[in-house]
Every structure is written in structure tokens, then in C-alpha cells.
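Q: To start, I am sharing the structure in question, which I have written as C-alpha cells.
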Amino acid sequence: MSRPVFEMAFVARPEHIEELGHVNNAVWVRWIQQIAVAHWRSLASRDHDEAYFWVVVRHEVDYLRAAREGDVVTARTWVGDAPQGARFDRFVEFIGPDGKPCVRARTVWAIVDKASGRPVRVPAAVVAPFLPPE
């Protein structure tokens with residue numbers, strides 16, 4: 001069963017471009033975080049958004065093709081299988097204007113209880129909106 005996919009577009013602006021003429025690797029990582037947060041906020045209930053926040057534990061990024069100034073890239077993200085304790089995998093793919101992938105990433109996030117400041121097991125109700133219906 002496929003996962004629900006969240007999409008948003010990013011434009012490669014002059015400040016994103018490095019001396020080699022393409023989007024800097026650090027910008028791709030920033031965009032990974034931006035789409036992850038946007039996805040969370042698009043589906044999480046207000047109660048969950050107020051009770052928890054997510055922190056990055058790991059990024060695995062494959063840089064496949066360059067994006068250049070003015071390019072519009074479409075980012076797609078979805079979550080992996082069921083969480084493992086406090087951790088949850090997220091996948092991101094950036095598609096260039098020619099329809100080919102520029103960057104693919106697997107990131108690992110941990111959920112933290114805002115009140116205690118400590119990681120907690122991902123509650124089933126928190127993850128439910130991000131998984132396919134059963």
C-alpha cells in the first residue's frame with residue numbers, strides 16, 4: 001500500500017546558488033526540513049502540534065543532478081513504515097523541471113514531548129494521518 005505523498009515547490013534563487021552555479025547542498029537540507037515541517041503542519045491536529053515537536057536524528061542525502069538558478073523543483077515527501085519507538089523515517093525526493101530527480105533523501109526524525117523536553121514513543125494517533133488508510 002502506498003503512502004500519502006505531500007508536495008510543494010521550491011525555486012532556486014540567487015542566494016541558494018554556490019560558486020559552481022548550482023543549488024548548494026546545505027540548501028537542499030534546509031528544503032528537506034521545510035517540507036517535513038509543512039507536511040507535519042498540514043496533517044497534525046492542533047493538540048499534537050502543541051504537544052510535540054520533531055528533531056532530526058539523521059539525514060542520508062543522495063545528490064543526483066544539479067538545480068540551477070531559476071529552476072523550480074517539486075519536492076515530494078512521505079513517511080516510512082511504522083515508527084520505531086520515538087523515531088520515524090521520512091523520505092524526500094526533489095524533481096527538477098525536466099521531470100528527473102535531483103536529490104533523494106531518507107531522514108530519521110524523533111518526536112519530543114514539549115512539556116518534558118524528552119523523546120517519547122510516537123503515539124498511534126499522531127502517526128495515523130500520515131499512513132495509508134487501513
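Order determines the names: the first chain of the C-alpha cells is A, the second B, and so forth; residues in each chain are numbered 1 upward, and ligands are numbered 1 upward as they are shown.
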As a ChimeraX atom specification, which residues of range 75-119 of chain A does DSSP assign to strand (DSSP E or B)?
A: /A:75-79,84,87-95,101-113,118-119
Q: Go ahead and write the residues just picked, C-alpha atoms, as a short mmCIF file (atom, residue, chain, number, x, y, z; two decimals), in the first residue's frame.
A:
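Okay, this is what ended up in selection.cif:
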data_model
loop_
_atom_site.label_atom_id
_atom_site.label_comp_id
_atom_site.auth_asym_id
_atom_site.auth_seq_id
_atom_site.Cartn_x
_atom_site.Cartn_y
_atom_site.Cartn_z
CA ALA A 75 9.56 18.25 -3.55
CA ARG A 76 7.64 15.15 -2.53
CA THR A 77 7.70 13.63 0.93
CA TRP A 78 6.13 10.66 2.66
CA VAL A 79 6.74 8.71 5.82
CA GLN A 84 10.37 2.60 15.97
CA ARG A 87 11.89 7.55 15.65
CA PHE A 88 10.16 7.78 12.33
CA ASP A 89 11.61 7.63 8.80
CA ARG A 90 10.74 10.26 6.21
CA PHE A 91 11.57 10.15 2.52
CA VAL A 92 12.01 13.19 0.29
CA GLU A 93 12.54 13.46 -3.44
CA PHE A 94 13.18 16.65 -5.41
CA ILE A 95 12.20 16.56 -9.09
CA PRO A 101 15.21 13.51 -9.75
CA CYS A 102 17.82 15.97 -8.46
CA VAL A 103 18.01 14.81 -4.84
CA ARG A 104 16.67 11.87 -2.84
CA ALA A 105 16.85 11.64 0.93
CA ARG A 106 15.92 9.41 3.81
CA THR A 107 15.75 11.25 7.09
CA VAL A 108 15.13 9.97 10.58
CA TRP A 109 13.19 12.15 12.99
CA ALA A 110 12.43 11.71 16.69
CA ILE A 111 9.35 13.04 18.41
CA VAL A 112 9.86 15.07 21.58
CA ASP A 113 7.26 15.92 24.18
CA ARG A 118 12.24 14.34 26.22
CA PRO A 119 11.70 11.89 23.36
#
Q: Determine which residues of range 21-55 of chain A DSSP labels as alpha helix (DSSP H) from the backbone of this structure, then write them out as a PyMOL selection string.
A: chain A and resi 25-43+46-51
Q: Give me the residues near Glu69 in chain A as an NGL selection string, where near means some atom within 7 Å (using only C-alpha atoms) and where sequence neighbours in that chain fewer than 5 positions away do not count.
A: :A and (12-14 or 17 or 22)
Q: Return the single residue from A:Asn25, A:Gln33, A:Ser42, A:Ser116 that is closest to Arg65 in chain A, with distances computed using only C-alpha atoms.
A: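 Going through A:Asn25, A:Gln33, A:Ser42, A:Ser116 one by one, the smallest distance to Arg65 in chain A is for A:Asn25.
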Q: Tell me, in Å to one decimal, how far CA of His16 in chain A is from CA of Ala36 in chain A.
A: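 One can read the CA of His16 in chain A to CA of Ala36 in chain A distance as 19.0 Å.
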Q: With only C-alpha atoms as the counted atoms, please give the residues lying no more than 6 Å from range 120-134 of chain A, apart from itself and same-chain residues fewer than 3 positions off, as an MDAnalysis selection string.
A: chainID A and resid 3 85:86 112
Q: I need the residue nearest Asp62 in chain A from this list: A:Thr74, A:Ala38, A:Pro83, A:Val29. Use only C-alpha atoms for the distance.
A: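 Ranked by minimum distance to Asp62 in chain A, first place goes to A:Val29.
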